[in-house]
Each structure stands twice: as C-alpha cells, then as structure tokens.
file final27.tsv (TSV, C-alpha atoms)
chain	number	residue	atom	x	y	z
E	1	MET	CA	21.04	0.69	2.00
E	2	ILE	CA	17.30	0.01	1.92
E	3	PHE	CA	15.19	2.63	3.67
E	4	VAL	CA	11.51	1.90	4.20
E	5	PRO	CA	9.55	4.19	6.55
E	6	ASN	CA	7.40	2.41	9.13
E	7	ARG	CA	5.59	5.42	10.61
E	8	VAL	CA	3.67	8.32	9.07
E	9	PHE	CA	1.74	11.32	10.32
E	10	PHE	CA	-0.44	13.83	8.51
E	11	THR	CA	-0.31	17.58	8.99
E	12	ARG	CA	-1.41	20.83	7.38
E	13	GLY	CA	-0.79	24.56	7.66
E	14	ALA	CA	-1.31	28.02	6.22
E	15	GLY	CA	0.87	31.12	6.19
E	16	LYS	CA	0.92	34.73	4.98
E	17	HIS	CA	3.80	37.08	4.15
E	18	LYS	CA	4.75	39.74	1.63
E	19	ASP	CA	7.27	37.28	0.11
E	20	ARG	CA	6.06	34.02	-1.38
E	21	LEU	CA	8.92	31.94	0.03
E	22	GLN	CA	8.37	33.29	3.52
E	23	SER	CA	4.65	32.57	3.30
E	24	PHE	CA	5.60	28.96	2.52
E	25	GLU	CA	7.88	28.96	5.59
E	26	MET	CA	5.01	30.27	7.72
E	27	ALA	CA	2.79	27.45	6.43
E	28	LEU	CA	5.49	24.92	7.34
E	29	ARG	CA	5.66	26.41	10.84
E	30	ASP	CA	1.90	26.14	11.16
E	31	ALA	CA	2.21	22.48	10.15
E	32	GLY	CA	5.06	21.88	12.63
E	33	ILE	CA	7.62	20.67	10.08
E	34	GLU	CA	9.65	23.83	9.42
E	35	LYS	CA	12.76	22.54	11.22
E	36	CYS	CA	13.30	19.66	8.79
E	37	ASN	CA	15.01	19.38	5.42
E	38	LEU	CA	12.05	18.11	3.45
E	39	VAL	CA	12.48	15.69	0.56
E	40	ARG	CA	9.40	15.29	-1.63
E	41	VAL	CA	8.58	11.75	-2.61
E	42	SER	CA	5.83	10.19	-4.69
E	43	SER	CA	2.72	8.26	-3.87
E	44	ILE	CA	3.43	4.93	-2.16
E	45	PHE	CA	2.23	4.20	1.37
E	46	PRO	CA	4.68	1.54	2.67
E	47	PRO	CA	3.41	-1.90	3.72
E	48	ASN	CA	2.68	-2.22	7.46
E	49	CYS	CA	3.33	1.50	8.01
E	50	LYS	CA	1.67	2.74	11.20
E	51	ARG	CA	-0.07	6.09	11.43
E	52	LEU	CA	0.90	8.40	14.30
E	53	PRO	CA	-1.03	11.32	15.81
E	54	ARG	CA	0.25	14.66	14.51
E	55	ASN	CA	1.68	15.80	17.85
E	56	ARG	CA	3.52	12.51	18.40
E	57	GLY	CA	4.98	12.61	14.90
E	58	ILE	CA	6.23	16.18	15.28
E	59	GLU	CA	7.85	15.29	18.63
E	60	MET	CA	9.90	12.59	16.88
E	61	LEU	CA	11.46	15.01	14.37
E	62	ARG	CA	14.89	16.56	14.94
E	63	PRO	CA	16.17	19.92	13.66
E	64	GLY	CA	17.91	19.49	10.31
E	65	GLN	CA	16.61	15.97	9.85
E	66	ILE	CA	16.28	14.76	6.25
E	67	THR	CA	12.55	14.08	6.18
E	68	PHE	CA	10.65	12.38	3.39
E	69	CYS	CA	7.10	13.50	2.73
E	70	VAL	CA	4.31	13.64	0.20
E	71	ILE	CA	3.34	17.31	0.18
E	72	SER	CA	0.73	19.35	-1.63
E	73	GLU	CA	0.91	23.14	-1.71
E	74	ASN	CA	-0.81	26.10	-3.26
E	75	ALA	CA	-0.28	29.87	-3.07
E	76	THR	CA	-1.83	33.13	-4.23
E	77	ASN	CA	-1.38	36.86	-3.81
E	78	GLU	CA	-4.82	37.63	-5.24
E	79	PRO	CA	-7.11	39.10	-2.56
E	80	ASN	CA	-9.91	36.76	-1.46
E	81	ARG	CA	-9.01	34.01	-3.93
E	82	LEU	CA	-9.85	30.60	-2.45
E	83	ILE	CA	-7.00	28.08	-2.52
E	84	SER	CA	-6.75	24.52	-1.21
E	85	ALA	CA	-4.15	21.78	-0.84
E	86	ALA	CA	-4.91	18.17	0.09
E	87	VAL	CA	-3.30	14.78	0.56
E	88	GLY	CA	-5.41	11.63	0.24
E	89	LEU	CA	-4.70	8.14	1.59
E	90	ALA	CA	-5.92	4.67	0.66
E	91	VAL	CA	-4.82	1.67	2.74
E	92	PRO	CA	-5.22	-1.96	1.59
E	93	SER	CA	-6.77	-4.59	3.84
E	94	GLU	CA	-3.66	-6.75	3.49
E	95	GLY	CA	-0.96	-5.12	5.59
E	96	ASP	CA	1.84	-6.59	3.49
E	97	HIS	CA	0.60	-4.74	0.40
E	98	TYR	CA	1.42	-1.10	-0.25
E	99	GLY	CA	-1.17	1.65	-0.36
E	100	TYR	CA	-1.35	5.02	-2.08
E	101	ILE	CA	-1.01	8.65	-1.09
E	102	SER	CA	-2.09	11.34	-3.54
E	103	GLU	CA	-1.72	15.11	-3.60
E	104	HIS	CA	-4.09	17.65	-5.10
E	105	HIS	CA	-4.25	21.44	-5.06
E	106	SER	CA	-6.89	23.71	-6.51
E	107	PHE	CA	-8.29	27.21	-6.89
E	108	GLY	CA	-11.91	28.01	-6.10
E	109	GLU	CA	-12.71	24.63	-4.54
E	110	THR	CA	-13.94	24.19	-1.00
E	111	ALA	CA	-11.81	22.18	1.40
E	112	ASP	CA	-14.32	19.31	1.28
E	113	LYS	CA	-14.26	19.11	-2.50
E	114	CYS	CA	-10.48	19.31	-2.72
E	115	GLY	CA	-10.08	16.69	0.03
E	116	ASP	CA	-12.57	14.31	-1.56
E	117	TYR	CA	-10.77	14.58	-4.89
E	118	SER	CA	-7.39	13.70	-3.35
E	119	GLU	CA	-8.96	10.76	-1.51
E	120	ASP	CA	-10.62	9.63	-4.74
E	121	LEU	CA	-7.25	9.71	-6.53
E	122	ALA	CA	-5.58	7.54	-3.89
E	123	ALA	CA	-8.46	5.06	-3.70
E	124	THR	CA	-8.73	4.74	-7.48
E	125	MET	CA	-5.00	4.12	-7.89
E	126	LEU	CA	-5.09	1.44	-5.20
E	127	ALA	CA	-8.24	-0.16	-6.58
E	128	SER	CA	-6.72	-0.45	-10.06
E	129	THR	CA	-3.56	-2.00	-8.57
E	130	LEU	CA	-5.58	-4.55	-6.61
E	131	GLY	CA	-7.72	-5.51	-9.59
E	132	VAL	CA	-11.00	-4.10	-8.23
E	133	GLN	CA	-13.46	-3.72	-11.11
E	134	PHE	CA	-15.15	-0.31	-11.28
E	135	ASP	CA	-16.57	2.21	-13.72
E	136	PRO	CA	-14.32	5.33	-13.68
E	137	SER	CA	-17.20	7.46	-14.96
E	138	LYS	CA	-19.22	6.82	-11.79
E	139	ALA	CA	-19.25	9.37	-8.97
E	140	TYR	CA	-16.71	8.80	-6.20
E	141	ASP	CA	-19.41	8.00	-3.62
E	142	GLU	CA	-20.61	5.11	-5.81
E	143	ARG	CA	-17.10	3.82	-6.48
E	144	LYS	CA	-16.21	4.17	-2.80
E	145	GLU	CA	-18.98	1.71	-1.96
E	146	ILE	CA	-17.63	-0.71	-4.58
E	147	TYR	CA	-14.14	-0.40	-3.11
E	148	ARG	CA	-15.51	-1.06	0.38
E	149	MET	CA	-17.52	-4.10	-0.72
E	150	SER	CA	-14.50	-5.60	-2.49
E	151	GLY	CA	-12.87	-6.13	0.93
E	152	LYS	CA	-9.52	-5.12	-0.53
E	153	ILE	CA	-9.42	-1.51	0.66
E	154	VAL	CA	-9.75	-1.07	4.40
E	155	HIS	CA	-9.47	2.69	4.85
E	156	THR	CA	-9.47	5.97	2.93
E	157	THR	CA	-9.09	9.49	4.27
E	158	ASN	CA	-7.65	12.91	3.48
E	159	ILE	CA	-6.19	15.98	5.13
E	160	THR	CA	-6.88	19.38	3.57
E	161	GLN	CA	-5.95	23.00	4.16
E	162	SER	CA	-7.79	25.88	2.51
E	163	ALA	CA	-7.58	29.66	2.85
E	164	GLU	CA	-8.63	32.87	1.14
E	165	GLY	CA	-5.98	35.15	-0.32
E	166	ASP	CA	-5.05	38.01	1.98
E	167	LYS	CA	-7.26	41.04	1.36
E	168	ASN	CA	-4.18	43.31	1.26
E	169	GLY	CA	-2.36	41.19	-1.34
E	170	LEU	CA	0.10	39.33	0.89
E	171	TRP	CA	1.15	35.94	-0.37
E	172	THR	CA	-1.01	33.22	1.15
E	173	THR	CA	0.25	29.62	1.10
E	174	VAL	CA	-1.48	26.39	2.14
E	175	ILE	CA	0.10	22.97	2.53
E	176	ALA	CA	-0.96	19.43	3.40
E	177	ALA	CA	1.55	16.64	3.96
E	178	ALA	CA	2.10	13.00	4.82
E	179	VAL	CA	5.39	12.89	6.73
E	180	PHE	CA	7.38	9.64	6.90
E	181	ILE	CA	9.49	8.49	9.83
E	182	HIS	CA	11.60	5.39	10.35
E	183	VAL	CA	11.64	3.98	13.86
E	184	PRO	CA	14.27	1.25	14.42
E	185	GLU	CA	12.55	-1.96	15.44
E	186	GLU	CA	13.88	-3.56	18.62
E	187	PRO	CA	15.43	-6.97	17.96
E	188	PRO	CA	13.66	-9.87	19.68
E	189	LYS	CA	15.02	-10.62	23.12
E	190	PRO	CA	16.93	-13.91	23.36
E	191	LYS	CA	15.22	-16.64	25.34
E	192	LYS	CA	16.64	-17.19	28.79
E	193	LYS	CA	18.59	-20.37	29.33
E	194	PHE	CA	17.99	-22.08	32.61
E	195	ALA	CA	21.07	-23.52	34.33
E	196	VAL	CA	20.93	-27.22	35.12
E	197	PRO	CA	21.79	-27.94	38.80
E	198	THR	CA	25.03	-29.89	39.37
E	199	GLY	CA	24.49	-33.61	39.45
E	200	VAL	CA	21.20	-33.47	37.53
E	201	GLU	CA	21.24	-34.95	34.06
E	202	GLN	CA	19.46	-33.16	31.24
E	203	ALA	CA	16.58	-35.03	29.64

call {"tool": "encode", "arguments": {"input": "final27.tsv", "output": "structure tokens"}}
result
Amino acid sequence: MIFVPNRVFFTRGAGKHKDRLQSFEMALRDAGIEKCNLVRVSSIFPPNCKRLPRNRGIEMLRPGQITFCVISENATNEPNRLISAAVGLAVPSEGDHYGYISEHHSFGETADKCGDYSEDLAATMLASTLGVQFDPSKAYDERKEIYRMSGKIVHTTNITQSAEGDKNGLWTTVIAAAVFIHVPEEPPKPKKKFAVPTGVEQA
C-alpha cells in the first residue's frame, strides 16, 4: 500500500509539569495534537501537498489516529533557561517536485534565530537537490535571495515555539510540528449520457 499525504498543517505548543513526560503531553495539548498516536517521519514535503490552517487541520484529526508528523522538541528543568523548537519548510515552484521540512531545537537562541535556522536548513537542502548554485558560507539572507532569483523555490517559512524554563524548576517543554493528513480524492464524475429519442438516428 502506498501512502502519500496530500494535506499538512503546522502547529506549536508549550507545557510545564513536574514530570518531563507530562510536560511533553501538556505541550501536545497546547498544539492540539495530543489525541493522536504520533509517528515521527523525516524531512520530505510531498509533491502537490496542500497546506491547511491549523484549526482546520486539527478538526480533521480523530482520537487514536495514527498521525505522521515532522516534530521538533526541546525541554529543560533549569529555571529561566531559554529553549526553542522549530520546523522549517521549503516548497519548490514545480508542484510535482517534493520539498523539504527540517527540524531544529536549541538552547539560548531567540525564537527568530531558531526559526530562521530551521528555514535555512530546509531551503538549503531543497536548493542543493534542485541544482541551485550557491556559496554555503554566505549568510542565509544572501542565499535566500539567490534561491528566490533561481525561480526554483517558491516559498519558505517556519513555525517556532520558545519558552523560558519554569522559575520553580518544573519541566518546560516546547514543540513545533508539521502534521500530515491524507484526504481521499473524489473520483471524477462520469459524463452524463443523453438518451436518443426513438426514431432518431445517431449521427
């Protein structure tokens, strides 16, 4: 059986609890995906996959559903320690080609910096796959312009969650995720056949 998702939505969340596992559960609840059995997958954005708004995507999930996702997470129980988790996306201009999703987590980075890094990872992986020539030592802003001018990468973005460790030492967890869904495509409706009146010959 070949399973290729055709919808995706992006979500994020943060949670706190005295137990690390429960703080992760709280982060999943904040992200709206706690009711699913999550299966972590790697970095490919399927060809012709359509992006859904977060609320619409969550509405389509069912309790206990096996749900594939690219997820980034980070956790700490150190008071005031800054943590971040991000997922980046790079989509090719040709819909029949696959794109990339990347995950990144960090300590001490702002949400903007963590998010930009994850987006950079996804864009760079896609650019190298598409044969876009670039200097990897250049700053991402410079390479981003090269990617845009190549006409081969149509869109890049990221979703990031950051938080400071709880001041009382509770576990603090942050997550960011790209959640895949498969929506059965409706088969094309058969063309109506018009009856030929009795006594009239068909051309």

call {"tool": "atom_distance", "arguments": {"input": "final27.tsv", "atom1": "CA of Thr173 (chain E)", "atom2": "CA of Val70 (chain E)"}}
result
16.5 Å

call {"tool": "atom_distance", "arguments": {"input": "final27.tsv", "atom1": "CA of Gly57 (chain E)", "atom2": "CA of Gly95 (chain E)"}}
result
20.9 Å

call {"tool": "residues_around", "arguments": {"input": "final27.tsv", "residues": "region 121-123 of chain E", "least_positions_apart": "5", "cutoff": "8 Å", "atoms": "all atoms listed in the file", "output": "ChimeraX atom specification"}}
result
/E:88-90,100-102,144,147,153,156

call {"tool": "residues_around", "arguments": {"input": "final27.tsv", "residues": "region 3-7 of chain E", "least_positions_apart": "3", "cutoff": "7 Å", "atoms": "all atoms listed in the file", "output": "list of chain:residue names"}}
result
E:Pro46, E:Asn48, E:Cys49, E:Lys50, E:Arg51, E:Leu52, E:Phe180, E:Ile181, E:His182, E:Val183

call {"tool": "write_last_selection", "arguments": {"input": "final27.tsv", "atoms": "C-alpha atoms", "output": "compact mmCIF listing (two decimals), in the coordinates of the input"}}
result
# COMPACT_ATOMS: atom_id res chain seq x y z
CA PRO E 46 4.68 1.54 2.67
CA ASN E 48 2.68 -2.22 7.46
CA CYS E 49 3.33 1.50 8.01
CA LYS E 50 1.67 2.74 11.20
CA ARG E 51 -0.07 6.09 11.43
CA LEU E 52 0.90 8.40 14.30
CA PHE E 180 7.38 9.64 6.90
CA ILE E 181 9.49 8.49 9.83
CA HIS E 182 11.60 5.39 10.35
CA VAL E 183 11.64 3.98 13.86

call {"tool": "atom_distance", "arguments": {"input": "final27.tsv", "atom1": "CA of Arg12 (chain E)", "atom2": "CA of Phe45 (chain E)"}}
result
18.1 Å

call {"tool": "closest_residue", "arguments": {"input": "final27.tsv", "among": "E:Gln161, E:Phe9, E:Ala14, E:Ile175", "to": "Met60 (chain E)", "atoms": "only C-alpha atoms"}}
result
E:Phe9

call {"tool": "closest_residue", "arguments": {"input": "final27.tsv", "among": "E:Pro47, E:Pro136, E:Gly165, E:Gly131", "to": "Val8 (chain E)", "atoms": "all atoms listed in the file"}}
result
E:Pro47

call {"tool": "closest_residue", "arguments": {"input": "final27.tsv", "among": "E:Cys36, E:Leu61, E:Cys69, E:Ala139", "to": "Ala177 (chain E)", "atoms": "all atoms listed in the file"}}
result
E:Cys69

call {"tool": "decode", "arguments": {"input": "final27.tsv", "residues": "region 36-94 of chain E", "atoms": "C-alpha atoms", "output": "PDB file, in the first residue's frame"}}
result
ATOM      1  CA  CYS E  36      -3.235  11.224  18.145  1.00  0.00           C
ATOM      2  CA  ASN E  37      -0.686   8.415  18.056  1.00  0.00           C
ATOM      3  CA  LEU E  38       2.171  10.370  16.555  1.00  0.00           C
ATOM      4  CA  VAL E  39       4.671   8.747  14.213  1.00  0.00           C
ATOM      5  CA  ARG E  40       7.796  10.808  13.571  1.00  0.00           C
ATOM      6  CA  VAL E  41       8.937  10.927   9.982  1.00  0.00           C
ATOM      7  CA  SER E  42      11.816  12.621   8.213  1.00  0.00           C
ATOM      8  CA  SER E  43      12.107  15.646   6.015  1.00  0.00           C
ATOM      9  CA  ILE E  44      10.194  15.300   2.735  1.00  0.00           C
ATOM     10  CA  PHE E  45       7.291  17.602   1.862  1.00  0.00           C
ATOM     11  CA  PRO E  46       5.165  15.549  -0.586  1.00  0.00           C
ATOM     12  CA  PRO E  47       4.561  16.807  -4.136  1.00  0.00           C
ATOM     13  CA  ASN E  48       1.306  18.782  -4.563  1.00  0.00           C
ATOM     14  CA  CYS E  49       0.645  18.686  -0.807  1.00  0.00           C
ATOM     15  CA  LYS E  50      -1.738  21.463   0.253  1.00  0.00           C
ATOM     16  CA  ARG E  51      -1.271  23.460   3.436  1.00  0.00           C
ATOM     17  CA  LEU E  52      -4.250  23.757   5.792  1.00  0.00           C
ATOM     18  CA  PRO E  53      -4.921  26.346   8.508  1.00  0.00           C
ATOM     19  CA  ARG E  54      -4.089  24.975  11.964  1.00  0.00           C
ATOM     20  CA  ASN E  55      -7.697  24.922  13.185  1.00  0.00           C
ATOM     21  CA  ARG E  56      -8.919  23.121  10.067  1.00  0.00           C
ATOM     22  CA  GLY E  57      -6.166  20.529  10.332  1.00  0.00           C
ATOM     23  CA  ILE E  58      -6.889  19.807  13.991  1.00  0.00           C
ATOM     24  CA  GLU E  59     -10.604  19.402  13.209  1.00  0.00           C
ATOM     25  CA  MET E  60      -9.751  16.642  10.723  1.00  0.00           C
ATOM     26  CA  LEU E  61      -7.900  14.510  13.296  1.00  0.00           C
ATOM     27  CA  ARG E  62      -9.611  11.646  15.127  1.00  0.00           C
ATOM     28  CA  PRO E  63      -8.796  10.293  18.602  1.00  0.00           C
ATOM     29  CA  GLY E  64      -6.290   7.452  18.364  1.00  0.00           C
ATOM     30  CA  GLN E  65      -5.469   8.199  14.747  1.00  0.00           C
ATOM     31  CA  ILE E  66      -2.004   7.135  13.555  1.00  0.00           C
ATOM     32  CA  THR E  67      -0.644  10.530  12.558  1.00  0.00           C
ATOM     33  CA  PHE E  68       2.601  11.166  10.724  1.00  0.00           C
ATOM     34  CA  CYS E  69       4.496  14.334  11.544  1.00  0.00           C
ATOM     35  CA  VAL E  70       7.847  16.060  11.458  1.00  0.00           C
ATOM     36  CA  ILE E  71       8.282  17.263  15.031  1.00  0.00           C
ATOM     37  CA  SER E  72      10.935  19.234  16.856  1.00  0.00           C
ATOM     38  CA  GLU E  73      11.023  19.360  20.649  1.00  0.00           C
ATOM     39  CA  ASN E  74      13.146  20.674  23.472  1.00  0.00           C
ATOM     40  CA  ALA E  75      12.858  20.570  27.264  1.00  0.00           C
ATOM     41  CA  THR E  76      14.553  21.879  30.397  1.00  0.00           C
ATOM     42  CA  ASN E  77      14.074  21.929  34.139  1.00  0.00           C
ATOM     43  CA  GLU E  78      16.649  24.695  34.625  1.00  0.00           C
ATOM     44  CA  PRO E  79      14.975  27.899  35.857  1.00  0.00           C
ATOM     45  CA  ASN E  80      14.886  30.697  33.274  1.00  0.00           C
ATOM     46  CA  ARG E  81      16.825  28.755  30.639  1.00  0.00           C
ATOM     47  CA  LEU E  82      15.664  29.765  27.149  1.00  0.00           C
ATOM     48  CA  ILE E  83      14.675  26.869  24.887  1.00  0.00           C
ATOM     49  CA  SER E  84      13.285  26.792  21.351  1.00  0.00           C
ATOM     50  CA  ALA E  85      11.966  24.267  18.843  1.00  0.00           C
ATOM     51  CA  ALA E  86      11.294  24.991  15.178  1.00  0.00           C
ATOM     52  CA  VAL E  87      10.215  23.372  11.929  1.00  0.00           C
ATOM     53  CA  GLY E  88      11.190  24.952   8.611  1.00  0.00           C
ATOM     54  CA  LEU E  89       9.609  24.469   5.183  1.00  0.00           C
ATOM     55  CA  ALA E  90      10.845  24.984   1.630  1.00  0.00           C
ATOM     56  CA  VAL E  91       8.449  24.432  -1.283  1.00  0.00           C
ATOM     57  CA  PRO E  92       9.588  24.096  -4.921  1.00  0.00           C
ATOM     58  CA  SER E  93       7.975  26.106  -7.705  1.00  0.00           C
ATOM     59  CA  GLU E  94       7.159  22.896  -9.581  1.00  0.00           C
TER      60      GLU E  94
END
